[in-house]
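*Asks:* Sharing start_0.txt below, compact mmCIF, C-alpha atoms:
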# COMPACT_ATOMS: atom_id res chain seq x y z
CA MET A 1 -73.71 -169.02 42.81
CA ASN A 2 -75.90 -171.60 44.55
CA LEU A 3 -74.72 -174.96 45.91
CA SER A 4 -75.66 -177.03 42.84
CA ASP A 5 -73.78 -174.56 40.63
CA MET A 6 -70.76 -174.80 42.89
CA TYR A 7 -70.79 -178.59 42.56
CA LEU A 8 -71.17 -178.20 38.79
CA SER A 9 -68.01 -176.08 38.74
CA LEU A 10 -66.20 -178.95 40.52
CA GLY A 11 -67.15 -181.44 37.80
CA LEU A 12 -70.39 -182.87 39.12
CA SER A 13 -73.33 -183.22 36.75
CA PRO A 14 -76.84 -182.13 37.86
CA ALA A 15 -78.08 -185.72 37.49
CA VAL A 16 -75.46 -187.17 39.87
CA TYR A 17 -76.02 -184.31 42.31
CA ARG A 18 -79.79 -184.92 42.36
CA TYR A 19 -79.26 -188.66 42.83
CA GLY A 20 -77.04 -187.98 45.84
CA GLU A 21 -79.51 -185.56 47.40
CA GLY A 22 -82.25 -188.16 47.06
CA ILE A 23 -80.12 -190.72 48.91
CA LEU A 24 -79.47 -188.25 51.73
CA GLU A 25 -83.15 -187.86 52.50
CA ASP A 26 -83.21 -191.34 54.04
CA LEU A 27 -80.02 -190.95 56.09
CA ARG A 28 -80.84 -188.17 58.55
CA ALA A 29 -81.64 -190.52 61.45
CA ARG A 30 -78.42 -192.51 60.87
CA PHE A 31 -76.42 -189.31 60.91
CA ASP A 32 -78.03 -188.28 64.21
CA THR A 33 -76.82 -191.55 65.73
CA VAL A 34 -73.28 -190.91 64.46
CA ASP A 35 -73.34 -187.44 65.99
CA ALA A 36 -74.46 -188.82 69.35
CA VAL A 37 -71.45 -191.18 69.47
CA ALA A 38 -69.14 -188.32 68.50
CA GLU A 39 -70.53 -186.16 71.29
CA TYR A 40 -69.88 -188.90 73.86
CA ASN A 41 -66.34 -189.47 72.61
CA GLN A 42 -65.63 -185.74 72.53
CA ALA A 43 -66.55 -185.54 76.20
CA LYS A 44 -64.34 -188.57 76.93
CA VAL A 45 -61.30 -186.99 75.26
CA LEU A 46 -61.92 -183.63 76.92
CA ALA A 47 -62.21 -185.25 80.35
CA ALA A 48 -58.89 -187.07 79.87
CA MET A 49 -57.14 -183.83 78.91
CA GLN A 50 -58.57 -181.97 81.88
CA GLN A 51 -57.81 -184.75 84.37
CA ASN A 52 -54.17 -184.79 83.25
CA ARG A 53 -53.88 -180.99 83.47
CA VAL A 54 -52.84 -180.40 79.87
CA SER A 55 -51.29 -176.93 79.68
CA ALA A 56 -49.43 -174.75 77.19
CA ALA A 57 -46.20 -176.06 78.71
CA CYS A 58 -47.07 -179.48 77.25
CA PHE A 59 -46.56 -178.12 73.73
CA ALA A 60 -42.86 -177.27 74.14
CA ALA A 61 -40.49 -178.88 71.66
CA THR A 62 -37.71 -181.22 72.75
CA THR A 63 -34.73 -182.54 70.81
CA GLY A 64 -31.98 -185.08 71.22
CA TYR A 65 -32.66 -187.70 73.86
CA GLY A 66 -35.92 -186.08 74.92
CA TYR A 67 -35.32 -186.63 78.62
CA ASP A 68 -37.97 -185.18 80.95
CA ASP A 69 -40.38 -184.43 78.08
CA MET A 70 -43.43 -183.38 80.10
CA GLY A 71 -45.67 -182.92 77.06
CA ARG A 72 -44.86 -186.35 75.67
CA ASP A 73 -45.41 -188.06 79.00
CA THR A 74 -48.67 -186.20 79.60
CA LEU A 75 -49.97 -187.12 76.15
CA GLU A 76 -49.36 -190.77 76.96
CA LYS A 77 -51.32 -190.40 80.20
CA VAL A 78 -54.16 -188.81 78.22
CA TYR A 79 -54.22 -191.74 75.79
CA ALA A 80 -54.18 -194.22 78.66
CA ASP A 81 -57.20 -192.48 80.20
CA VAL A 82 -59.09 -192.22 76.90
CA PHE A 83 -58.62 -195.95 76.29
CA HIS A 84 -58.97 -196.90 79.99
CA THR A 85 -55.62 -198.69 80.17
CA GLU A 86 -52.71 -198.87 82.58
CA ALA A 87 -50.18 -197.39 80.16
CA ALA A 88 -49.67 -195.93 76.70
CA LEU A 89 -46.85 -195.47 74.21
CA VAL A 90 -47.60 -192.59 71.79
CA ARG A 91 -44.64 -191.56 69.68
CA PRO A 92 -43.80 -189.81 66.41
CA GLN A 93 -40.95 -192.34 66.15
CA ILE A 94 -43.62 -194.95 65.29
CA THR A 95 -43.88 -194.34 61.57
CA CYS A 96 -47.19 -196.01 60.70
CA GLY A 97 -49.76 -198.57 61.79
CA THR A 98 -47.73 -201.50 60.46
CA HIS A 99 -44.73 -200.27 62.45
CA ALA A 100 -46.81 -200.00 65.63
CA LEU A 101 -48.08 -203.55 65.16
CA ALA A 102 -44.57 -204.84 64.39
CA VAL A 103 -43.24 -203.23 67.58
CA ALA A 104 -46.04 -204.72 69.69
CA LEU A 105 -45.61 -208.20 68.21
CA SER A 106 -41.82 -208.37 68.31
CA ALA A 107 -41.70 -206.95 71.84
CA ASN A 108 -44.06 -209.57 73.27
CA LEU A 109 -43.01 -212.68 71.36
CA LEU A 110 -39.79 -214.65 71.89
CA PRO A 111 -38.15 -217.46 69.88
CA GLY A 112 -40.24 -220.60 70.23
CA ASP A 113 -43.45 -218.68 70.88
CA GLU A 114 -46.41 -218.89 68.53
CA LEU A 115 -48.68 -216.13 67.27
CA LEU A 116 -52.32 -216.96 66.54
CA SER A 117 -54.77 -215.07 64.35
CA PRO A 118 -58.30 -216.32 65.03
CA VAL A 119 -59.81 -214.04 62.34
CA GLY A 120 -58.13 -215.39 59.22
CA ALA A 121 -55.30 -213.84 57.25
CA PRO A 122 -53.91 -210.50 58.45
CA TYR A 123 -53.67 -207.30 56.45
CA ASP A 124 -51.24 -207.54 53.53
CA THR A 125 -48.40 -205.50 55.08
CA LEU A 126 -48.30 -207.79 58.14
CA GLU A 127 -47.58 -210.86 56.03
CA GLU A 128 -43.91 -209.92 55.81
CA VAL A 129 -43.79 -208.80 59.44
CA ILE A 130 -44.99 -212.26 60.49
CA GLY A 131 -43.08 -214.14 57.80
CA ILE A 132 -46.05 -215.55 55.88
CA ARG A 133 -44.24 -214.04 52.92
CA PRO A 134 -40.46 -214.34 53.52
CA SER A 135 -38.80 -211.11 54.60
CA GLN A 136 -35.67 -210.06 56.41
CA CYS A 137 -36.17 -209.56 60.16
CA SER A 138 -39.62 -211.18 60.14
CA LEU A 139 -40.93 -212.91 63.25
CA ARG A 140 -40.48 -216.22 61.50
CA GLU A 141 -36.78 -215.47 60.94
CA TYR A 142 -36.44 -215.04 64.70
CA GLY A 143 -38.09 -218.37 65.44
CA VAL A 144 -41.64 -217.23 66.15
CA GLY A 145 -44.32 -219.55 64.79
CA TYR A 146 -47.67 -218.56 63.33
CA ARG A 147 -51.00 -220.18 62.74
CA GLN A 148 -54.41 -218.84 61.82
CA VAL A 149 -58.00 -219.97 62.08
CA ASP A 150 -60.17 -218.78 59.22
CA LEU A 151 -63.58 -217.31 59.79
CA LEU A 152 -66.63 -219.44 59.08
CA PRO A 153 -68.38 -218.88 55.73
CA ASP A 154 -70.86 -216.48 57.37
CA GLY A 155 -68.01 -214.31 58.70
CA THR A 156 -68.30 -215.45 62.33
CA PHE A 157 -65.60 -216.90 64.59
CA ASP A 158 -64.76 -220.61 64.40
CA TYR A 159 -64.69 -221.22 68.14
CA ASP A 160 -64.00 -224.94 67.82
CA GLY A 161 -61.10 -224.25 65.48
CA ILE A 162 -59.72 -221.58 67.79
CA ARG A 163 -59.86 -223.90 70.80
CA ALA A 164 -57.98 -226.56 68.85
CA ALA A 165 -55.34 -224.08 67.62
CA ILE A 166 -54.38 -222.78 71.07
CA ASN A 167 -51.48 -224.83 72.45
CA ASP A 168 -48.57 -224.66 74.88
CA HIS A 169 -46.57 -222.46 72.51
CA THR A 170 -49.34 -219.94 71.87
CA LYS A 171 -48.13 -216.71 73.47
CA LEU A 172 -50.04 -213.93 71.72
CA VAL A 173 -53.33 -213.68 69.84
CA THR A 174 -53.80 -210.90 67.29
CA ILE A 175 -57.26 -209.71 66.28
CA GLN A 176 -57.66 -207.40 63.32
CA ARG A 177 -60.76 -205.32 63.91
CA SER A 178 -61.17 -203.85 60.44
CA LYS A 179 -61.64 -205.79 57.22
CA GLY A 180 -58.39 -204.69 55.54
CA TYR A 181 -58.31 -205.72 51.88
CA ALA A 182 -61.03 -208.30 52.41
CA THR A 183 -64.79 -208.19 52.10
CA ARG A 184 -65.51 -209.73 55.49
CA PRO A 185 -67.42 -207.82 58.15
CA THR A 186 -65.56 -205.52 60.50
CA PHE A 187 -65.91 -206.69 64.10
CA SER A 188 -67.78 -204.68 66.70
CA VAL A 189 -66.22 -204.03 70.09
CA ARG A 190 -68.84 -206.36 71.58
CA GLN A 191 -67.82 -209.20 69.23
CA ILE A 192 -64.16 -208.61 70.02
CA GLY A 193 -64.93 -208.76 73.73
CA GLU A 194 -66.73 -212.06 73.33
CA LEU A 195 -63.79 -213.50 71.39
CA ILE A 196 -61.26 -212.29 73.96
CA ALA A 197 -63.31 -213.81 76.80
CA PHE A 198 -63.42 -217.15 74.97
CA ILE A 199 -59.68 -217.13 74.26
CA LYS A 200 -58.83 -216.41 77.89
CA SER A 201 -61.22 -219.13 79.05
CA VAL A 202 -59.24 -221.61 76.95
CA LYS A 203 -55.85 -220.36 78.13
CA PRO A 204 -55.89 -217.91 81.04
CA GLY A 205 -53.07 -215.38 80.91
CA LEU A 206 -52.76 -215.45 77.14
CA ASN A 207 -52.08 -211.96 75.79
CA VAL A 208 -54.45 -210.55 73.17
CA MET A 209 -53.57 -207.66 70.87
CA VAL A 210 -56.17 -205.82 68.78
CA ASP A 211 -55.27 -203.98 65.58
CA ASN A 212 -57.62 -201.03 66.08
CA CYS A 213 -56.78 -199.17 62.85
CA TYR A 214 -59.81 -197.36 61.37
CA GLY A 215 -61.93 -198.21 64.41
CA GLU A 216 -61.10 -195.57 67.01
CA PHE A 217 -64.07 -193.43 68.14
CA VAL A 218 -66.53 -195.22 65.84
CA GLU A 219 -68.21 -196.64 68.95
CA THR A 220 -68.36 -195.38 72.52
CA MET A 221 -66.12 -198.27 73.64
CA GLU A 222 -62.71 -199.48 72.43
CA PRO A 223 -61.21 -203.00 72.47
CA SER A 224 -59.24 -201.99 75.57
CA ASP A 225 -62.58 -201.74 77.39
CA VAL A 226 -63.37 -205.41 76.73
CA GLY A 227 -60.19 -207.19 77.74
CA ALA A 228 -57.53 -206.46 75.09
CA ASP A 229 -54.04 -206.52 76.63
CA MET A 230 -52.78 -204.24 73.85
CA THR A 231 -54.70 -201.99 71.48
CA VAL A 232 -52.68 -200.61 68.59
CA GLY A 233 -53.20 -197.99 65.89
CA SER A 234 -51.83 -195.20 63.71
CA LEU A 235 -52.00 -191.47 64.38
CA ILE A 236 -52.47 -190.69 60.68
CA LYS A 237 -55.74 -192.58 60.87
CA ASN A 238 -58.60 -191.86 63.27
CA PRO A 239 -56.95 -190.67 66.51
CA GLY A 240 -54.73 -188.07 64.84
CA GLY A 241 -57.77 -186.16 63.64
CA GLY A 242 -56.06 -185.29 60.37
CA LEU A 243 -53.51 -183.05 62.11
CA ALA A 244 -50.94 -185.59 63.29
CA PRO A 245 -48.18 -185.70 60.64
CA ILE A 246 -46.81 -189.06 61.79
CA GLY A 247 -46.98 -191.45 64.71
CA GLY A 248 -48.59 -194.47 66.27
CA TYR A 249 -49.91 -195.62 69.63
CA ILE A 250 -49.91 -198.76 71.76
CA VAL A 251 -52.13 -198.79 74.86
CA GLY A 252 -52.73 -201.59 77.32
CA ARG A 253 -51.30 -203.42 80.30
CA ALA A 254 -48.21 -201.75 81.73
CA GLU A 255 -46.06 -204.87 81.30
CA CYS A 256 -46.88 -205.20 77.59
CA VAL A 257 -46.49 -201.50 76.86
CA SER A 258 -43.17 -201.34 78.72
CA ARG A 259 -41.77 -204.12 76.54
CA CYS A 260 -42.96 -202.20 73.46
CA ALA A 261 -41.07 -199.11 74.63
CA TYR A 262 -37.88 -201.13 75.06
CA ARG A 263 -38.32 -202.58 71.58
CA LEU A 264 -38.98 -199.17 70.02
CA SER A 265 -35.92 -197.52 71.60
CA ALA A 266 -33.47 -199.88 73.31
CA PRO A 267 -33.26 -202.18 76.33
CA GLY A 268 -32.66 -200.05 79.39
CA LEU A 269 -33.97 -196.87 77.75
CA GLY A 270 -37.65 -197.55 77.09
CA GLN A 271 -39.98 -194.57 77.40
CA GLU A 272 -37.34 -192.27 78.89
CA VAL A 273 -36.06 -191.27 75.44
CA GLY A 274 -37.73 -190.00 72.29
CA ALA A 275 -37.86 -186.27 71.56
CA ASN A 276 -41.16 -184.81 70.35
CA LEU A 277 -39.45 -182.51 67.78
CA GLY A 278 -42.17 -179.89 68.11
CA LEU A 279 -45.00 -182.18 66.98
CA LEU A 280 -47.00 -182.23 70.21
CA PRO A 281 -49.46 -179.41 69.41
CA ALA A 282 -50.64 -181.34 66.35
CA LEU A 283 -50.88 -184.60 68.31
CA TYR A 284 -52.90 -183.05 71.13
CA GLN A 285 -55.18 -181.01 68.89
CA GLY A 286 -55.62 -183.90 66.47
CA LEU A 287 -56.78 -186.16 69.31
CA PHE A 288 -59.16 -183.45 70.51
CA LEU A 289 -60.72 -183.13 67.05
CA ALA A 290 -60.70 -186.87 66.30
CA PRO A 291 -64.27 -187.72 67.46
CA THR A 292 -65.76 -185.07 65.16
CA VAL A 293 -63.49 -185.94 62.23
CA VAL A 294 -64.33 -189.64 62.59
CA ALA A 295 -68.04 -188.76 62.60
CA GLY A 296 -67.64 -186.99 59.25
CA ALA A 297 -65.80 -189.98 57.80
CA LEU A 298 -68.53 -192.32 59.09
CA LYS A 299 -71.24 -190.26 57.43
CA GLY A 300 -69.25 -190.49 54.21
CA ALA A 301 -69.00 -194.27 54.51
CA ILE A 302 -72.75 -194.61 55.14
CA PHE A 303 -73.49 -192.32 52.20
CA ALA A 304 -71.16 -194.32 49.91
CA ALA A 305 -72.77 -197.61 50.91
CA ASN A 306 -76.24 -196.35 50.03
CA ILE A 307 -75.12 -194.59 46.84
CA TYR A 308 -73.59 -197.75 45.39
CA GLU A 309 -75.87 -200.40 46.88
CA ARG A 310 -78.90 -198.82 45.25
CA LEU A 311 -77.12 -198.98 41.90
CA GLY A 312 -76.68 -202.75 42.25
CA PHE A 313 -73.10 -202.96 43.50
CA ARG A 314 -72.21 -205.20 46.45
CA VAL A 315 -71.05 -203.12 49.40
CA VAL A 316 -69.57 -204.20 52.74
CA PRO A 317 -71.06 -203.26 55.10
CA ASP A 318 -74.39 -202.70 53.42
CA GLY A 319 -76.34 -199.48 53.62
CA ARG A 320 -78.27 -200.43 56.77
CA GLU A 321 -75.75 -202.31 58.93
CA PRO A 322 -74.22 -200.77 62.07
CA ARG A 323 -70.76 -199.31 61.55
CA HIS A 324 -67.63 -200.51 63.36
CA ASP A 325 -64.94 -198.76 61.29
CA ILE A 326 -64.69 -195.98 58.72
CA ILE A 327 -63.93 -198.19 55.71
CA GLN A 328 -66.48 -198.82 52.99
CA ALA A 329 -65.80 -201.63 50.53
CA VAL A 330 -67.45 -201.47 47.11
CA GLU A 331 -67.11 -204.39 44.71
CA LEU A 332 -66.85 -202.84 41.26
CA GLY A 333 -66.22 -205.94 39.16
CA SER A 334 -63.31 -204.71 37.02
CA ALA A 335 -59.96 -202.96 37.12
CA GLU A 336 -61.38 -200.28 34.83
CA ALA A 337 -64.15 -199.47 37.30
CA MET A 338 -61.66 -199.36 40.19
CA SER A 339 -59.57 -196.85 38.26
CA ALA A 340 -62.60 -194.69 37.44
CA PHE A 341 -63.70 -194.67 41.09
CA CYS A 342 -60.22 -193.64 42.26
CA HIS A 343 -59.97 -190.96 39.58
CA GLY A 344 -63.11 -189.41 41.04
CA ILE A 345 -61.75 -189.46 44.59
CA GLN A 346 -58.50 -187.88 43.40
CA ALA A 347 -60.40 -185.20 41.48
CA ALA A 348 -62.06 -184.18 44.76
CA ALA A 349 -58.76 -183.76 46.61
CA PRO A 350 -57.40 -180.41 47.84
CA VAL A 351 -53.88 -181.60 47.00
CA ASP A 352 -52.83 -183.11 43.64
CA SER A 353 -56.38 -183.08 42.31
CA TYR A 354 -54.98 -183.06 38.76
CA VAL A 355 -53.12 -186.36 39.22
CA MET A 356 -54.47 -189.58 37.65
CA PRO A 357 -53.94 -192.56 40.01
CA GLU A 358 -52.56 -195.68 38.36
CA PRO A 359 -51.94 -199.17 39.77
CA TRP A 360 -48.38 -199.83 40.94
CA ALA A 361 -46.31 -202.40 42.81
CA MET A 362 -46.53 -200.93 46.29
CA PRO A 363 -44.09 -202.25 48.94
CA GLY A 364 -45.66 -204.80 51.29
CA TYR A 365 -48.40 -205.97 48.90
CA ASP A 366 -48.56 -209.05 46.66
CA ALA A 367 -50.63 -207.40 43.90
CA GLU A 368 -50.60 -204.04 42.20
CA VAL A 369 -52.48 -201.44 44.25
CA ILE A 370 -54.29 -198.33 43.08
CA MET A 371 -54.51 -195.46 45.52
CA ALA A 372 -56.26 -192.12 45.40
CA ALA A 373 -55.22 -189.71 48.13
CA GLY A 374 -54.67 -186.01 47.69
CA ALA A 375 -53.82 -185.55 51.35
CA PHE A 376 -52.09 -182.92 53.44
CA VAL A 377 -50.28 -185.79 55.21
CA GLN A 378 -48.87 -188.50 52.97
CA GLY A 379 -50.73 -191.77 53.50
CA SER A 380 -53.24 -190.25 55.91
CA SER A 381 -56.31 -192.43 55.50
CA ILE A 382 -58.45 -190.34 57.84
CA GLU A 383 -58.29 -187.89 54.93
CA LEU A 384 -60.39 -188.58 51.84
CA SER A 385 -58.87 -191.61 50.13
CA ALA A 386 -59.62 -194.83 48.29
CA ASP A 387 -57.47 -197.76 47.39
CA GLY A 388 -57.47 -201.45 46.64
CA PRO A 389 -55.45 -204.31 45.12
CA ILE A 390 -56.08 -205.01 41.45
CA ARG A 391 -57.45 -208.51 41.89
CA PRO A 392 -60.92 -210.14 42.05
CA PRO A 393 -63.48 -209.17 43.24
CA TYR A 394 -62.04 -205.77 42.24
CA ALA A 395 -63.15 -204.10 45.43
CA VAL A 396 -62.21 -200.54 46.22
CA TYR A 397 -61.92 -199.42 49.84
CA PHE A 398 -63.14 -195.90 50.51
CA GLN A 399 -62.38 -194.11 53.75
CA GLY A 400 -61.87 -190.76 55.39
CA GLY A 401 -62.75 -187.17 54.77
CA LEU A 402 -61.74 -184.51 57.28
CA THR A 403 -65.25 -183.11 56.90
CA TRP A 404 -68.52 -184.76 55.93
CA TYR A 405 -68.93 -182.31 53.07
CA HIS A 406 -65.59 -183.28 51.55
CA ALA A 407 -66.45 -186.97 51.86
CA LYS A 408 -69.78 -186.29 50.14
CA LEU A 409 -68.13 -184.56 47.19
CA GLY A 410 -65.56 -187.33 46.79
CA ILE A 411 -68.21 -190.04 46.70
CA LEU A 412 -70.30 -188.17 44.16
CA LEU A 413 -67.29 -187.52 41.92
CA SER A 414 -66.36 -191.22 42.08
CA LEU A 415 -69.84 -191.99 40.77
CA GLN A 416 -69.53 -189.23 38.18
CA LYS A 417 -66.45 -190.91 36.67
CA LEU A 418 -68.19 -194.29 36.56
CA VAL A 419 -71.23 -192.76 34.85
CA GLU A 420 -69.07 -190.95 32.29
CA LYS A 421 -67.37 -194.24 31.34
CA GLY A 422 -70.68 -196.13 31.12
CA LEU A 423 -69.78 -198.29 34.10
CA ALA A 424 -72.76 -197.19 36.21
CA THR A 425 -76.25 -196.09 35.25
CA LEU A 426 -78.37 -193.75 37.32
CA PRO A 427 -81.99 -194.81 37.99
Hey, can you dump this file as structure tokens for me?

*Replies:*
Amino acid sequence: MNLSDMYLSLGLSPAVYRYGEGILEDLRARFDTVDAVAEYNQAKVLAAMQQNRVSAACFAATTGYGYDDMGRDTLEKVYADVFHTEAALVRPQITCGTHALAVALSANLLPGDELLSPVGAPYDTLEEVIGIRPSQCSLREYGVGYRQVDLLPDGTFDYDGIRAAINDHTKLVTIQRSKGYATRPTFSVRQIGELIAFIKSVKPGLNVMVDNCYGEFVETMEPSDVGADMTVGSLIKNPGGGLAPIGGYIVGRAECVSRCAYRLSAPGLGQEVGANLGLLPALYQGLFLAPTVVAGALKGAIFAANIYERLGFRVVPDGREPRHDIIQAVELGSAEAMSAFCHGIQAAAPVDSYVMPEPWAMPGYDAEVIMAAGAFVQGSSIELSADGPIRPPYAVYFQGGLTWYHAKLGILLSLQKLVEKGLATLP
């Protein structure tokens, strides 16, 4: 059986397969650039592991309090070196990216302080953390204020508005690197660095946190290299390499990270407690594989952008723009088209491929959300997945793929479902 026959057995028509192969012909140089970044980041991760003398003893399981957990403490030193920071908090007790962000915010904001977002509204799940939408235990409930400065119509920073918004109560600035459920551009590390420099010129000493979800290892630098006091993310996204079954990280200045550790555990305990429960081999190996896994996901995002852009759909970023995260937004124009796209992604999954995704009222969101994710780790968006809120402009957000070849199949099957329903026409 040749390759085209194998794809046919997986539900892909010859016409869609040929269309995809034609798109790939123009992407070889882009893929070479992605591989060069991955090679640099692989060397960076390897160097950090060697410098911190990672050994088989680091993989031993601990339980209970987790006192004297050498493997846990060494992993945090590795993360600090990879991100070039003073300290790191890397724990399976951090359940997801939203949890990591909530810990970082609540640890470094006190009643009467104000949080500022200079990049517009945050990701949906942070609205209840902040208190934009009322929720128990939100920052607002504890007396922390919030204000935001929207981006300019062209997607750039409103520096005048930011200067005016910073006041005596402003204690922490949060910058969301990735687009989230919006069709704005994702910010490059260079852009983030310029914004951080401006903010600190207005108010020296002001802490800046960057939500780095979906952005790790996409570039050779991270926000921590350009002045971020805290850089935060999820281990079931990029840095877990698809192997981490749970966890999150916070890296940055020692003072900020220490407060996060006290918030995560308890005052007086901090980083001294927190058993690894036998998860360390997956966390170490996942980090080691992460640069290569991210490269595969990036190739998938570039492929998706070109596949859909050439069929007339609006895509963000477009097929030629530089990449700063692994997410590809595709505006499909209808709920029906979103469902068809997600059905194709699900059909490509190694797990639950027979399931038909349907929109549902997902906790933390203000609209029904459709999600396709047949993943080995529940919610792991470094694995092949697609999702989006059922609301105009009916954009679906595609990301992940533990290998480039899996991402390729998922994208082609998403198109296959649209073609079968008459919602897309091949040239």

*Asks:* Residues at most 8 Å from region 129-145 of chain A, counting all atoms listed in the file, excluding those fewer than 6 positions away in the same chain, as a ChimeraX atom specification?

*Replies:* /A:102,106,109-115

*Asks:* Counting only C-alpha atoms, what is within 9 Å of Ala304 (chain A), bar same-chain residues fewer than 3 positions away, as a ChimeraX atom specification?

*Replies:* /A:299-301,307-309,315,319,328,330,398,407-408,411-412

*Asks:* Can you measure CA of Val119 (chain A) to CA of Val149 (chain A) for me? One decimal in Å is fine.

*Replies:*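 Between CA of Val119 (chain A) and CA of Val149 (chain A) the gap is 6.2 Å.
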
*Asks:* Extract, using all atoms listed in the file, all DNA, RNA and protein residues at most 7 Å from region 254-264 of chain A, discarding same-chain residues fewer than 5 positions from it, and format them as a list in words.

*Replies:* Glu86, Ala87, Ala88, Leu89, Val103, Ala104, Ala107, Asn108, Leu269, Gly270 and Gln271 of chain A

*Asks:* Write out as a PDB file with C-alpha atoms, keeping the file's coordinate frame each polymer residue whose atoms come within 12 Å of region 162-164 of chain A, counting only C-alpha atoms; drop sequence neighbours fewer than 2 positions from it.

*Replies:*
ATOM      1  CA  LEU A 116     -52.320-216.960  66.540  1.00  0.00           C
ATOM      2  CA  SER A 117     -54.770-215.070  64.350  1.00  0.00           C
ATOM      3  CA  PRO A 118     -58.300-216.320  65.030  1.00  0.00           C
ATOM      4  CA  VAL A 119     -59.810-214.040  62.340  1.00  0.00           C
ATOM      5  CA  GLY A 120     -58.130-215.390  59.220  1.00  0.00           C
ATOM      6  CA  ARG A 147     -51.000-220.180  62.740  1.00  0.00           C
ATOM      7  CA  GLN A 148     -54.410-218.840  61.820  1.00  0.00           C
ATOM      8  CA  VAL A 149     -58.000-219.970  62.080  1.00  0.00           C
ATOM      9  CA  ASP A 150     -60.170-218.780  59.220  1.00  0.00           C
ATOM     10  CA  LEU A 151     -63.580-217.310  59.790  1.00  0.00           C
ATOM     11  CA  LEU A 152     -66.630-219.440  59.080  1.00  0.00           C
ATOM     12  CA  THR A 156     -68.300-215.450  62.330  1.00  0.00           C
ATOM     13  CA  PHE A 157     -65.600-216.900  64.590  1.00  0.00           C
ATOM     14  CA  ASP A 158     -64.760-220.610  64.400  1.00  0.00           C
ATOM     15  CA  TYR A 159     -64.690-221.220  68.140  1.00  0.00           C
ATOM     16  CA  ASP A 160     -64.000-224.940  67.820  1.00  0.00           C
ATOM     17  CA  ILE A 166     -54.380-222.780  71.070  1.00  0.00           C
ATOM     18  CA  ASN A 167     -51.480-224.830  72.450  1.00  0.00           C
ATOM     19  CA  ASP A 168     -48.570-224.660  74.880  1.00  0.00           C
ATOM     20  CA  THR A 170     -49.340-219.940  71.870  1.00  0.00           C
ATOM     21  CA  VAL A 173     -53.330-213.680  69.840  1.00  0.00           C
ATOM     22  CA  LEU A 195     -63.790-213.500  71.390  1.00  0.00           C
ATOM     23  CA  ILE A 196     -61.260-212.290  73.960  1.00  0.00           C
ATOM     24  CA  PHE A 198     -63.420-217.150  74.970  1.00  0.00           C
ATOM     25  CA  ILE A 199     -59.680-217.130  74.260  1.00  0.00           C
ATOM     26  CA  LYS A 200     -58.830-216.410  77.890  1.00  0.00           C
ATOM     27  CA  SER A 201     -61.220-219.130  79.050  1.00  0.00           C
ATOM     28  CA  VAL A 202     -59.240-221.610  76.950  1.00  0.00           C
ATOM     29  CA  LYS A 203     -55.850-220.360  78.130  1.00  0.00           C
TER      30      LYS A 203
END

*Asks:* Can you tell me which residues surround region 337-351 of chain A at a distance of at most 9 Å, considering all atoms listed in the file, apart from same-chain residues fewer than 6 positions away, and format the answer as an mmCIF file with C-alpha atoms, in the frame of the given file?

*Replies:*
data_model
loop_
_atom_site.group_PDB
_atom_site.id
_atom_site.type_symbol
_atom_site.label_atom_id
_atom_site.label_comp_id
_atom_site.auth_asym_id
_atom_site.auth_seq_id
_atom_site.Cartn_x
_atom_site.Cartn_y
_atom_site.Cartn_z
ATOM 1 C CA LEU A 10 -66.200 -178.950 40.520
ATOM 2 C CA GLY A 11 -67.150 -181.440 37.800
ATOM 3 C CA GLU A 331 -67.110 -204.390 44.710
ATOM 4 C CA PRO A 357 -53.940 -192.560 40.010
ATOM 5 C CA GLU A 358 -52.560 -195.680 38.360
ATOM 6 C CA PRO A 359 -51.940 -199.170 39.770
ATOM 7 C CA ILE A 370 -54.290 -198.330 43.080
ATOM 8 C CA MET A 371 -54.510 -195.460 45.520
ATOM 9 C CA ALA A 372 -56.260 -192.120 45.400
ATOM 10 C CA ALA A 373 -55.220 -189.710 48.130
ATOM 11 C CA GLY A 374 -54.670 -186.010 47.690
ATOM 12 C CA ALA A 375 -53.820 -185.550 51.350
ATOM 13 C CA PHE A 376 -52.090 -182.920 53.440
ATOM 14 C CA LEU A 384 -60.390 -188.580 51.840
ATOM 15 C CA SER A 385 -58.870 -191.610 50.130
ATOM 16 C CA ALA A 386 -59.620 -194.830 48.290
ATOM 17 C CA ASP A 387 -57.470 -197.760 47.390
ATOM 18 C CA GLY A 388 -57.470 -201.450 46.640
ATOM 19 C CA ILE A 390 -56.080 -205.010 41.450
ATOM 20 C CA TYR A 394 -62.040 -205.770 42.240
ATOM 21 C CA ALA A 395 -63.150 -204.100 45.430
ATOM 22 C CA VAL A 396 -62.210 -200.540 46.220
ATOM 23 C CA PHE A 398 -63.140 -195.900 50.510
ATOM 24 C CA HIS A 406 -65.590 -183.280 51.550
ATOM 25 C CA ALA A 407 -66.450 -186.970 51.860
ATOM 26 C CA LEU A 409 -68.130 -184.560 47.190
ATOM 27 C CA GLY A 410 -65.560 -187.330 46.790
ATOM 28 C CA ILE A 411 -68.210 -190.040 46.700
ATOM 29 C CA LEU A 412 -70.300 -188.170 44.160
ATOM 30 C CA LEU A 413 -67.290 -187.520 41.920
ATOM 31 C CA SER A 414 -66.360 -191.220 42.080
ATOM 32 C CA LEU A 415 -69.840 -191.990 40.770
ATOM 33 C CA GLN A 416 -69.530 -189.230 38.180
ATOM 34 C CA LYS A 417 -66.450 -190.910 36.670
ATOM 35 C CA LEU A 418 -68.190 -194.290 36.560
ATOM 36 C CA LYS A 421 -67.370 -194.240 31.340
ATOM 37 C CA LEU A 423 -69.780 -198.290 34.100
ATOM 38 C CA ALA A 424 -72.760 -197.190 36.210
#
